[in-house]
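Asker: Input file: query_17.csv. Contents: CSV, C-alpha atoms.
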chain,number,residue,atom,x,y,z
W,1,MET,CA,0.0,0.0,0.0
W,2,ASN,CA,1.3,3.4,-1.0
W,3,GLU,CA,0.6,5.7,2.0
W,4,ASN,CA,-0.3,9.1,0.8
W,5,PHE,CA,1.2,11.3,3.6
W,6,ILE,CA,4.8,11.8,4.6
W,7,ASN,CA,5.3,13.1,8.1
W,8,PHE,CA,8.5,15.0,8.9
W,9,HIS,CA,9.6,15.3,12.6
W,10,ILE,CA,12.7,17.4,13.2
W,11,LEU,CA,14.5,18.3,16.4
W,12,ILE,CA,17.0,21.1,16.2
W,13,SER,CA,18.9,22.8,19.0
W,14,HIS,CA,19.5,26.4,18.5
W,15,SER,CA,22.2,28.3,20.4
W,16,PRO,CA,21.3,31.8,21.8
W,17,SER,CA,19.4,33.6,19.1
W,18,CYS,CA,16.3,35.5,18.1
W,19,LEU,CA,15.2,33.9,14.9
W,20,ASN,CA,11.6,35.2,14.7
W,21,ARG,CA,10.2,38.4,16.1
W,22,ASP,CA,6.7,39.9,16.6
W,23,ASP,CA,5.5,43.5,16.0
W,24,MET,CA,7.0,44.5,19.4
W,25,ASN,CA,10.4,43.2,18.4
W,26,MET,CA,10.1,40.4,20.9
W,27,GLN,CA,10.7,36.7,20.2
W,28,LYS,CA,7.6,35.0,19.0
W,29,SER,CA,6.2,32.6,21.6
W,30,ALA,CA,3.3,30.3,22.5
W,31,ILE,CA,1.8,28.8,25.6
W,32,PHE,CA,1.8,25.0,25.4
W,33,GLY,CA,1.3,22.7,28.3
W,34,GLY,CA,0.8,25.8,30.4
W,35,LYS,CA,4.4,27.0,29.8
W,36,ARG,CA,5.9,29.6,27.6
W,37,ARG,CA,7.7,28.2,24.6
W,38,VAL,CA,9.7,30.2,22.0
W,39,ARG,CA,8.2,29.8,18.6
W,40,ILE,CA,9.3,30.1,15.0
W,41,SER,CA,6.3,30.7,12.7
W,42,SER,CA,5.5,28.4,9.8
W,43,GLN,CA,5.6,31.5,7.5
W,44,SER,CA,9.1,32.2,8.6
W,45,LEU,CA,10.2,28.5,8.1
W,46,LYS,CA,8.6,28.3,4.6
W,47,ARG,CA,10.1,31.6,3.5
W,48,THR,CA,13.5,30.5,4.8
W,49,MET,CA,13.2,27.3,2.8
W,50,ARG,CA,12.1,28.7,-0.5
W,51,THR,CA,14.6,31.6,-0.5
W,52,SER,CA,17.6,29.3,0.3
W,53,ASP,CA,20.5,28.6,-2.0
W,54,TYR,CA,19.7,24.9,-1.7
W,55,TYR,CA,16.1,25.5,-3.0
W,56,ARG,CA,17.4,27.4,-6.0
W,57,GLN,CA,20.0,24.8,-6.8
W,58,HIS,CA,17.7,21.8,-6.6
W,59,LEU,CA,14.1,23.0,-7.1
W,60,GLY,CA,14.5,26.2,-9.2
W,61,GLU,CA,13.6,29.8,-8.7
W,62,PRO,CA,10.9,30.5,-6.1
W,63,SER,CA,7.7,32.3,-7.0
W,64,ILE,CA,7.5,36.1,-6.7
W,65,ARG,CA,5.1,37.0,-3.9
W,66,THR,CA,3.7,40.5,-4.2
W,67,ASN,CA,0.5,42.6,-4.5
W,68,HIS,CA,2.4,45.3,-6.4
W,69,LEU,CA,1.3,44.4,-9.9
W,70,ALA,CA,3.0,47.4,-11.6
W,71,ASP,CA,6.3,46.3,-10.1
W,72,PHE,CA,5.8,42.7,-11.0
W,73,GLN,CA,4.9,43.8,-14.6
W,74,HIS,CA,8.2,45.6,-14.9
W,75,GLN,CA,10.1,42.5,-13.7
W,76,ALA,CA,8.2,40.2,-16.0
W,77,ILE,CA,8.9,42.4,-19.0
W,78,ALA,CA,12.6,42.4,-18.2
W,79,ALA,CA,12.7,38.6,-17.8
W,80,LEU,CA,10.4,37.7,-20.8
W,81,SER,CA,11.0,40.5,-23.3
W,82,ASP,CA,13.4,38.3,-25.4
W,83,ARG,CA,10.5,35.9,-25.9
W,84,TYR,CA,7.3,38.1,-26.1
W,85,ASP,CA,6.2,41.6,-27.0
W,86,GLU,CA,5.9,44.0,-24.1
W,87,ASN,CA,2.1,44.6,-24.7
W,88,LEU,CA,1.5,40.8,-24.8
W,89,ILE,CA,3.2,40.4,-21.4
W,90,LYS,CA,1.0,43.2,-20.0
W,91,GLN,CA,-2.1,41.6,-21.5
W,92,ALA,CA,-1.3,38.2,-19.9
W,93,ILE,CA,-0.7,39.7,-16.5
W,94,ASP,CA,-4.0,41.7,-16.7
W,95,TYR,CA,-5.8,38.6,-17.8
W,96,ILE,CA,-4.5,36.5,-14.8
W,97,SER,CA,-5.0,39.2,-12.2
W,98,GLY,CA,-8.3,40.7,-13.5
W,99,LYS,CA,-6.8,44.2,-13.1
W,100,ASP,CA,-5.0,46.8,-15.1
W,101,SER,CA,-1.4,46.2,-14.1
W,102,SER,CA,-0.2,49.2,-16.1
W,103,ALA,CA,-1.9,51.7,-13.8
W,104,ASP,CA,0.5,53.7,-11.7
W,105,LYS,CA,1.2,51.8,-8.5
W,106,ALA,CA,-1.3,49.1,-9.4
W,107,LYS,CA,-2.0,46.7,-6.6
W,108,ASP,CA,-3.9,43.5,-6.1
W,109,ASP,CA,-6.2,42.9,-3.2
W,110,ALA,CA,-3.8,40.5,-1.5
W,111,VAL,CA,-0.3,39.3,-1.8
W,112,ALA,CA,-0.2,36.5,-4.4
W,113,ALA,CA,2.4,34.2,-5.7
W,114,TRP,CA,3.5,34.7,-9.3
W,115,VAL,CA,5.5,32.5,-11.6
W,116,LEU,CA,7.1,33.9,-14.7
W,117,GLU,CA,6.5,30.7,-16.7
W,118,GLU,CA,2.8,31.1,-15.8
W,119,VAL,CA,2.8,34.5,-17.5
W,120,ALA,CA,4.7,32.9,-20.5
W,121,TYR,CA,2.0,30.2,-20.7
W,122,PHE,CA,-0.7,32.8,-21.1
W,123,CYS,CA,1.4,34.8,-23.6
W,124,ASP,CA,1.6,31.6,-25.8
W,125,GLN,CA,-2.2,30.9,-25.4
W,126,ILE,CA,-3.1,34.5,-26.3
W,127,LYS,CA,-0.9,34.4,-29.4
W,128,LYS,CA,-2.2,31.1,-30.5
W,129,LEU,CA,-5.9,31.9,-30.1
W,130,GLU,CA,-5.6,35.4,-31.6
W,131,ALA,CA,-4.1,33.8,-34.7
W,132,GLU,CA,-7.1,31.6,-34.8
W,133,GLY,CA,-9.5,34.5,-34.3
W,134,VAL,CA,-10.6,33.4,-30.9
W,135,ASP,CA,-11.6,36.2,-28.4
W,136,ALA,CA,-10.6,36.6,-24.8
W,137,LYS,CA,-13.8,35.1,-23.4
W,138,LYS,CA,-13.2,31.9,-25.4
W,139,LEU,CA,-9.7,31.8,-24.1
W,140,GLN,CA,-10.9,32.0,-20.5
W,141,LYS,CA,-13.3,29.1,-21.1
W,142,LEU,CA,-10.5,27.0,-22.6
W,143,ILE,CA,-8.2,27.7,-19.7
W,144,GLU,CA,-10.9,26.9,-17.2
W,145,LYS,CA,-11.6,23.6,-19.0
W,146,ASP,CA,-8.0,22.6,-19.2
W,147,GLY,CA,-6.7,23.3,-15.7
W,148,LEU,CA,-4.1,20.5,-16.1
W,149,ALA,CA,-2.2,22.4,-18.7
W,150,PHE,CA,-2.3,25.5,-16.6
W,151,ARG,CA,-0.8,23.7,-13.6
W,152,GLN,CA,1.9,22.2,-15.8
W,153,ALA,CA,2.9,25.7,-16.8
W,154,MET,CA,3.3,26.5,-13.1
W,155,ALA,CA,5.7,23.5,-12.6
W,156,ASN,CA,8.6,25.8,-12.2
W,157,GLY,CA,6.8,27.6,-9.3
W,158,LEU,CA,7.2,24.5,-7.1
W,159,ASP,CA,6.8,26.4,-3.8
W,160,ILE,CA,3.2,27.2,-5.0
W,161,ALA,CA,2.6,23.5,-5.5
W,162,LEU,CA,3.9,22.9,-1.9
W,163,SER,CA,2.4,25.9,-0.1
W,164,GLY,CA,-0.6,26.7,-2.2
W,165,ARG,CA,-2.0,30.0,-3.5
W,166,MET,CA,-5.0,32.1,-2.6
W,167,ALA,CA,-6.3,34.7,-5.0
W,168,THR,CA,-9.3,37.0,-4.9
W,169,SER,CA,-9.7,38.2,-8.5
W,170,GLY,CA,-9.1,37.3,-12.2
W,171,LEU,CA,-8.3,33.9,-13.5
W,172,MET,CA,-6.1,33.3,-10.4
W,173,SER,CA,-9.3,33.0,-8.3
W,174,GLU,CA,-10.7,30.4,-10.7
W,175,VAL,CA,-8.2,27.9,-12.0
W,176,GLY,CA,-5.2,29.6,-10.4
W,177,LYS,CA,-6.2,28.8,-6.8
W,178,ILE,CA,-4.0,26.0,-5.5
W,179,ASP,CA,-4.5,23.9,-2.4
W,180,GLY,CA,-1.1,23.5,-0.7
W,181,ALA,CA,0.4,20.0,-0.5
W,182,LEU,CA,2.7,20.8,2.4
W,183,ALA,CA,1.4,21.7,5.9
W,184,VAL,CA,4.1,23.2,8.2
W,185,ALA,CA,3.5,23.7,11.9
W,186,HIS,CA,4.9,26.6,14.0
W,187,ALA,CA,8.1,25.2,15.5
W,188,ILE,CA,8.2,25.4,19.3
W,189,THR,CA,10.7,24.6,22.0
W,190,THR,CA,10.3,21.2,23.6
W,191,HIS,CA,10.8,22.8,27.0
W,192,ALA,CA,9.8,26.0,28.8
W,193,VAL,CA,11.9,29.1,28.1
W,194,ASP,CA,12.7,32.2,30.1
W,195,ALA,CA,14.1,34.7,27.7
W,196,ASP,CA,17.2,36.8,28.3
W,197,ILE,CA,17.7,40.4,27.4
W,198,ASP,CA,20.8,41.6,25.6
W,199,TRP,CA,21.6,45.3,26.6
W,200,PHE,CA,23.8,46.6,23.8
W,201,THR,CA,25.5,49.8,22.7
W,202,ALA,CA,26.7,51.1,19.4
W,203,VAL,CA,30.0,52.9,20.0
W,204,ASP,CA,30.8,56.0,18.0
W,205,ASP,CA,34.5,55.9,17.2
W,206,LEU,CA,34.6,59.7,16.8
W,207,GLN,CA,32.9,60.4,20.1
W,208,ASP,CA,35.0,60.5,23.2
W,209,LEU,CA,32.5,59.5,25.9
W,210,GLY,CA,29.3,57.4,25.9
W,211,SER,CA,27.7,55.7,22.9
W,212,ALA,CA,25.7,56.6,19.9
W,213,HIS,CA,22.9,54.2,20.6
W,214,LEU,CA,21.6,52.1,23.5
W,215,GLY,CA,19.1,49.3,23.0
W,216,THR,CA,17.8,45.9,24.1
W,217,GLN,CA,17.1,42.7,22.3
W,218,GLU,CA,15.3,39.6,23.7
W,219,PHE,CA,17.0,36.3,23.0
W,220,SER,CA,17.1,32.7,24.2
W,221,SER,CA,18.3,29.2,23.3
W,222,GLY,CA,16.3,26.0,23.0
W,223,VAL,CA,15.5,22.7,21.3
W,224,PHE,CA,12.8,23.2,18.7
W,225,TYR,CA,10.4,20.6,17.3
W,226,ARG,CA,9.6,21.2,13.6
W,227,TYR,CA,6.7,19.2,12.1
W,228,ALA,CA,5.4,19.2,8.5
W,229,SER,CA,3.2,16.8,6.5
W,230,LEU,CA,3.3,16.4,2.8
W,231,ASN,CA,0.2,15.2,0.8
W,232,LEU,CA,1.9,13.3,-2.1
W,233,LYS,CA,-1.3,13.0,-4.2
W,234,GLN,CA,-2.0,16.8,-3.9
W,235,LEU,CA,1.5,17.6,-4.8
W,236,GLN,CA,1.2,15.5,-8.0
W,237,VAL,CA,-2.0,17.3,-8.9
W,238,ASN,CA,-0.5,20.7,-8.2
W,239,MET,CA,2.4,19.9,-10.5
W,240,GLY,CA,0.1,18.8,-13.3
W,241,LEU,CA,1.2,15.2,-13.1
W,242,LEU,CA,-2.3,14.1,-12.4
W,243,PRO,CA,-5.6,15.6,-13.6
W,244,ASP,CA,-7.3,15.6,-10.2
W,245,ILE,CA,-7.1,14.2,-6.7
W,246,LYS,CA,-9.2,11.2,-7.6
W,247,ALA,CA,-6.9,10.0,-10.4
W,248,GLU,CA,-4.7,7.0,-9.9
W,249,GLU,CA,-1.1,8.0,-9.5
W,250,THR,CA,1.6,6.4,-11.7
W,251,ALA,CA,4.9,5.1,-10.7
W,252,ASP,CA,6.6,8.0,-12.6
W,253,SER,CA,4.4,10.7,-11.0
W,254,ARG,CA,5.0,9.3,-7.5
W,255,THR,CA,8.8,9.1,-8.1
W,256,LYS,CA,8.8,12.8,-9.0
W,257,ALA,CA,6.9,13.7,-5.9
W,258,LEU,CA,9.1,11.6,-3.7
W,259,ASP,CA,12.2,13.3,-5.1
W,260,ILE,CA,10.7,16.6,-4.0
W,261,ALA,CA,9.9,15.2,-0.6
W,262,ALA,CA,13.5,14.3,-0.1
W,263,HIS,CA,14.5,17.9,-0.8
W,264,VAL,CA,11.8,19.1,1.6
W,265,LEU,CA,13.4,16.8,4.3
W,266,HIS,CA,16.8,18.3,3.6
W,267,LEU,CA,15.5,21.9,3.8
W,268,LEU,CA,13.6,21.2,7.1
W,269,ALA,CA,16.8,19.7,8.6
W,270,THR,CA,19.3,22.3,7.5
W,271,GLU,CA,17.8,25.7,6.8
W,272,VAL,CA,17.6,28.3,9.6
W,273,PRO,CA,15.8,31.7,9.5
W,274,SER,CA,18.2,34.6,8.9
W,275,ALA,CA,16.9,37.0,11.6
W,276,LYS,CA,19.6,38.6,13.8
W,277,GLN,CA,22.1,36.0,12.6
W,278,GLN,CA,24.8,38.6,12.2
W,279,SER,CA,24.5,39.1,15.9
W,280,PHE,CA,24.0,35.5,17.1
W,281,ALA,CA,25.2,33.1,14.3
W,282,ALA,CA,22.9,30.3,15.4
W,283,HIS,CA,23.6,28.2,12.3
W,284,ASN,CA,22.6,24.9,13.8
W,285,LEU,CA,21.7,21.7,11.9
W,286,ALA,CA,19.1,19.2,13.0
W,287,ASP,CA,19.9,16.7,15.8
W,288,LEU,CA,17.3,14.2,14.7
W,289,ALA,CA,15.1,13.7,11.6
W,290,LEU,CA,12.2,11.1,11.8
W,291,VAL,CA,10.2,10.5,8.6
W,292,SER,CA,7.2,8.3,8.2
W,293,PHE,CA,4.8,7.2,5.4
W,294,SER,CA,1.2,7.3,6.7
W,295,VAL,CA,-2.4,7.3,5.6
W,296,GLN,CA,-2.9,10.6,7.5
W,297,PRO,CA,-1.0,13.5,8.9
W,298,ILE,CA,0.3,12.7,12.5
W,299,SER,CA,2.0,15.3,14.6
W,300,LEU,CA,4.1,14.3,17.6
W,301,ALA,CA,4.0,17.7,19.3
W,302,ASN,CA,2.2,16.2,22.3
W,303,ALA,CA,5.5,14.5,23.2
W,304,PHE,CA,6.4,17.9,24.6
W,305,GLU,CA,3.1,19.0,26.1
W,306,LYS,CA,4.7,18.3,29.4
W,307,PRO,CA,7.9,20.4,29.1
W,308,ILE,CA,11.1,18.5,28.9
W,309,GLN,CA,13.3,18.8,32.0
W,310,ALA,CA,17.0,19.0,31.7
W,311,ASP,CA,18.6,15.6,32.3
W,312,HIS,CA,21.4,14.8,34.7
W,313,LYS,CA,24.0,16.1,32.3
W,314,GLY,CA,22.2,19.5,32.3
W,315,GLY,CA,20.8,19.7,28.7
W,316,PHE,CA,17.5,19.4,26.9
W,317,ARG,CA,18.8,17.9,23.7
W,318,GLU,CA,19.2,14.2,24.4
W,319,ALA,CA,16.1,14.1,26.6
W,320,SER,CA,14.1,15.6,23.8
W,321,LEU,CA,15.4,13.0,21.3
W,322,LYS,CA,14.5,10.1,23.6
W,323,GLU,CA,11.0,11.5,24.4
W,324,LEU,CA,10.1,12.0,20.7
W,325,ASN,CA,10.9,8.3,20.0
W,326,ALA,CA,9.1,7.1,23.2
W,327,TYR,CA,5.9,9.1,22.2
W,328,TRP,CA,6.1,7.8,18.6
W,329,ASP,CA,6.0,4.3,20.1
W,330,LYS,CA,3.0,5.1,22.3
W,331,VAL,CA,1.0,6.5,19.4
W,332,HIS,CA,2.2,3.8,17.0
W,333,CYS,CA,1.2,1.0,19.3
W,334,GLY,CA,-1.9,2.6,20.8
W,335,TYR,CA,-3.5,3.2,17.4
W,336,GLY,CA,-2.1,0.1,15.7
W,337,LEU,CA,-0.5,2.2,13.0
W,338,HIS,CA,1.3,0.6,10.1
W,339,GLU,CA,3.7,3.3,9.1
W,340,ARG,CA,7.0,2.9,7.4
W,341,CYS,CA,9.5,4.9,9.5
W,342,ALA,CA,13.2,5.8,9.4
W,343,GLU,CA,15.3,8.1,11.5
W,344,PHE,CA,18.7,9.8,11.4
W,345,SER,CA,20.1,11.0,14.7
W,346,LEU,CA,23.4,12.5,15.7
W,347,GLU,CA,23.1,10.4,18.9
W,348,ALA,CA,23.1,6.7,19.3
W,349,LEU,CA,19.5,6.0,20.5
W,350,GLY,CA,17.7,2.8,21.3
W,351,LEU,CA,15.0,2.9,18.7
W,352,PRO,CA,11.5,1.3,19.2
W,353,ASP,CA,10.4,-1.5,16.9
W,354,GLY,CA,9.2,-0.1,13.6
W,355,ILE,CA,11.8,2.7,13.2
W,356,THR,CA,14.7,2.0,10.9
W,357,ALA,CA,18.0,3.7,11.8
W,358,LYS,CA,19.8,5.6,9.0
W,359,PRO,CA,23.4,6.6,9.6
W,360,SER,CA,23.3,9.9,7.7
W,361,LEU,CA,20.8,12.5,6.4
W,362,PRO,CA,21.6,11.6,2.7
W,363,GLU,CA,20.8,8.0,3.4
W,364,LEU,CA,17.5,9.0,5.0
W,365,GLU,CA,16.8,11.1,1.9
W,366,ASN,CA,17.6,8.1,-0.4
W,367,TRP,CA,15.2,5.9,1.7
W,368,LEU,CA,12.5,8.5,1.2
W,369,ARG,CA,13.1,8.7,-2.6
W,370,ASN,CA,12.9,4.9,-2.7
W,371,ASN,CA,9.4,5.0,-1.2
W,372,GLY,CA,10.4,4.0,2.2
W,373,GLN,CA,12.2,0.8,1.1
W,374,ALA,CA,15.6,-0.2,2.5
What would the structure in this file look like if it were written as structure tokens?
Answerer:
Amino acid sequence: MNENFINFHILISHSPSCLNRDDMNMQKSAIFGGKRRVRISSQSLKRTMRTSDYYRQHLGEPSIRTNHLADFQHQAIAALSDRYDENLIKQAIDYISGKDSSADKAKDDAVAAWVLEEVAYFCDQIKKLEAEGVDAKKLQKLIEKDGLAFRQAMANGLDIALSGRMATSGLMSEVGKIDGALAVAHAITTHAVDADIDWFTAVDDLQDLGSAHLGTQEFSSGVFYRYASLNLKQLQVNMGLLPDIKAEETADSRTKALDIAAHVLHLLATEVPSAKQQSFAAHNLADLALVSFSVQPISLANAFEKPIQADHKGGFREASLKELNAYWDKVHCGYGLHERCAEFSLEALGLPDGITAKPSLPELENWLRNNGQA
């Protein structure tokens, strides 16, 4: 049986840092199990992943997220002018957005994700149908009828296939709306956190006494639990590999989705938000990555509903690793789950029955690409 969901469970210990802040310039936090935990929002994690060098190298250029249509139009013209006439590019953007993108400071109702190849697709369709004497209304009907071709044109905007796209106007709100295949939770510390305050000064080298600026910055350290689930079938639909969610997947379409899943695993285990990194340099890699194939999304966050206490050695890291595996075993046995699971850990852990140990992250990625087979 090909389970449709992949669950990613990541534990990563960050040294003192302030990786995600709120509107008051304080660390984002959440109350869980009655205790304050430091939090990194899912939006921050997803943006970190899609703007990373690894993403560009392995998955292509990310989408452009903006509601400034006029600015996007200028960028699209600069990128596509060697292939299409400027007026045709403007027409395609207007058609997709349902607005006049040439208007000064034109804006959409909400921030939307754009893919240049999507604009190119509409340029091709407009040229083709104009040559055949077909008007714009006919074009719209044809596009709405053939949503598969539209999604295939967006294949280069893979982060849209993963995270989805909401739209409120134009063709985007019809066939351009995408249900995300990847659900990402807000990362929280496995233990309670009391933040520290850094009182800092900026020294003026040309001033004899005092400093040019005084300020404070909240920071802390902690072991974070990152969780995400990937709907493999939805990903294949979003990439235009399948016509709809009810269609039977093929070996080829699943293989392509699994390859992307392996890259998602790598990103979740290695990418860190850039906020305040010049001051803290908390460039930490994951201590543990547990991956499972399942018939449904299953978070293990409740392993840490009771905050982890420092072990006899004084740290939270190893205690968190052990508790995650212990809780997985409880859920696995308690619900009679039949997941295929594998784990990479920097520490030698006694794994429960049902979890296969992998000696490195690349080998865990290969196990994932191989559909959870040894």
Asker: Could you check how far CA of Gln73 (chain W) sits from CA of Ser97 (chain W), in Å to one decimal?
Answerer: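 Separating CA of Gln73 (chain W) from CA of Ser97 (chain W) is a distance of 11.2 Å.
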Asker: Counting all atoms listed in the file, what is within 9 Å of Leu19 (chain W), bar same-chain residues fewer than 5 positions away, as number ranges by chain?
Answerer: W: 27-28, 39-40, 44, 219, 272-277, 282
Asker: Looking at all atoms listed in the file, which of W:Leu11, W:Leu116, W:Leu285, W:Met49 is the one that sits closest to Ala78 (chain W)?
Answerer: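 Closest candidate: W:Leu116.
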Asker: Compile the contact shell of Gln57 (chain W) as a CSV table (one decimal) with C-alpha atoms, in the coordinates of the input: residues with an atom at most 12 Å away, counting all atoms listed in the file, same-chain residues fewer than 5 positions apart removed.
Answerer:
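As written to disk, around-v1.csv reads:
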chain,number,residue,atom,x,y,z
W,50,ARG,CA,12.1,28.7,-0.5
W,51,THR,CA,14.6,31.6,-0.5
W,52,SER,CA,17.6,29.3,0.3
W,62,PRO,CA,10.9,30.5,-6.1
W,263,HIS,CA,14.5,17.9,-0.8
W,267,LEU,CA,15.5,21.9,3.8
Asker: Using all atoms listed in the file, can you list as number ranges by chain the residues within 10 Å of (10.7, 23.3, 9.0)?
Answerer: W: 8-12, 40-49, 183-187, 224-228, 264-273
Asker: Here is a test: counting all atoms listed in the file, which residue of W:Asp205, W:Glu343, W:Asp179, W:Asp311 is nearest to Leu324 (chain W)?
Answerer: W:Glu343
Asker: Using all atoms listed in the file and a cutoff of 12 Å, can you tell me which residues are near (17.5, 1.4, 13.5) in the file's coordinates, and write them out as a list in words?
Answerer: Leu290, Asn325, Cys341, Ala342, Glu343, Phe344, Ser345, Glu347, Ala348, Leu349, Gly350, Leu351, Pro352, Asp353, Gly354, Ile355, Thr356, Ala357, Lys358, Pro359, Ser360, Leu364 and Ala374 of chain W
Asker: Please indicate the distance in Å from CA of Met24 (chain W) to CA of Glu218 (chain W), rounded to one decimal place.
Answerer: 10.6 Å
Asker: What is the distance between CA of Gln296 (chain W) and CA of Asn4 (chain W), in Å to one decimal?
Answerer: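 Result for CA of Gln296 (chain W) versus CA of Asn4 (chain W): 7.3 Å, one decimal.
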Asker: Given the choices W:Val331, W:Thr190, W:Leu235, W:Trp114, which gets closest to Ser163 (chain W) if the distance is worked out from all atoms listed in the file?
Answerer: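 That would be W:Leu235, the residue with the smallest distance to Ser163 (chain W).
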Asker: Give the answer as one residue: which of W:Met166, W:Ile260, W:Ala70, W:Ala30 has the shortest atom-to-atom distance to Leu230 (chain W), using all atoms listed in the file?
Answerer: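 Among the listed residues, W:Ile260 lies closest to Leu230 (chain W).
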Asker: In terms of the shortest atom-to-atom distance over all atoms listed in the file, which of W:Asn302, W:Thr250, W:Ser13, W:Gln125 is closest to Asn284 (chain W)?
Answerer: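 For Asn284 (chain W), the nearest of the given residues is W:Ser13.
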Asker: So which residues touch Val119 (chain W) within 9 Å, counting only C-alpha atoms, skipping near sequence neighbours fewer than 2 positions away, as a list of chain:residue names?
Answerer: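 Close residues of Val119 (chain W): W:Ala76, W:Leu80, W:Ile89, W:Ala92, W:Ile93, W:Ile96, W:Trp114, W:Val115, W:Leu116, W:Glu117, W:Tyr121, W:Phe122, W:Cys123, W:Asp124, W:Ala153.
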Asker: Complete the atom set of region 274-291 of chain W to N, CA and C atoms and return it as a short mmCIF file (atom, residue, chain, number, x, y, z; two decimals), in the coordinates of the input.
Answerer:
data_model
loop_
_atom_site.label_atom_id
_atom_site.label_comp_id
_atom_site.auth_asym_id
_atom_site.auth_seq_id
_atom_site.Cartn_x
_atom_site.Cartn_y
_atom_site.Cartn_z
N SER W 274 17.06 33.72 8.96
CA SER W 274 18.20 34.60 8.90
C SER W 274 18.16 35.75 9.95
N ALA W 275 17.03 35.89 10.65
CA ALA W 275 16.90 37.00 11.60
C ALA W 275 17.95 37.10 12.62
N LYS W 276 18.57 38.26 12.75
CA LYS W 276 19.60 38.60 13.80
C LYS W 276 20.77 37.60 13.75
N GLN W 277 20.99 36.95 12.62
CA GLN W 277 22.10 36.00 12.60
C GLN W 277 23.45 36.67 12.55
N GLN W 278 23.51 37.92 12.12
CA GLN W 278 24.80 38.60 12.20
C GLN W 278 25.20 38.86 13.63
N SER W 279 24.21 38.88 14.52
CA SER W 279 24.50 39.10 15.90
C SER W 279 24.64 37.81 16.73
N PHE W 280 23.97 36.71 16.28
CA PHE W 280 24.00 35.50 17.10
C PHE W 280 24.58 34.27 16.37
N ALA W 281 24.56 34.24 15.05
CA ALA W 281 25.20 33.10 14.30
C ALA W 281 24.73 31.76 14.78
N ALA W 282 23.41 31.58 14.94
CA ALA W 282 22.90 30.30 15.40
C ALA W 282 22.62 29.38 14.18
N HIS W 283 23.69 29.05 13.48
CA HIS W 283 23.60 28.20 12.30
C HIS W 283 23.70 26.75 12.66
N ASN W 284 22.62 26.23 13.24
CA ASN W 284 22.60 24.90 13.80
C ASN W 284 21.87 23.92 12.83
N LEU W 285 22.38 22.70 12.71
CA LEU W 285 21.70 21.70 11.90
C LEU W 285 20.90 20.76 12.83
N ALA W 286 20.00 20.01 12.23
CA ALA W 286 19.10 19.20 13.00
C ALA W 286 19.87 18.08 13.77
N ASP W 287 19.39 17.79 14.96
CA ASP W 287 19.90 16.70 15.80
C ASP W 287 19.27 15.38 15.45
N LEU W 288 18.04 15.46 14.97
CA LEU W 288 17.30 14.20 14.70
C LEU W 288 16.26 14.55 13.56
N ALA W 289 16.11 13.60 12.65
CA ALA W 289 15.10 13.70 11.60
C ALA W 289 14.36 12.34 11.53
N LEU W 290 13.07 12.34 11.84
CA LEU W 290 12.20 11.10 11.80
C LEU W 290 11.22 11.32 10.66
N VAL W 291 11.15 10.38 9.75
CA VAL W 291 10.20 10.50 8.60
C VAL W 291 9.36 9.22 8.57
#
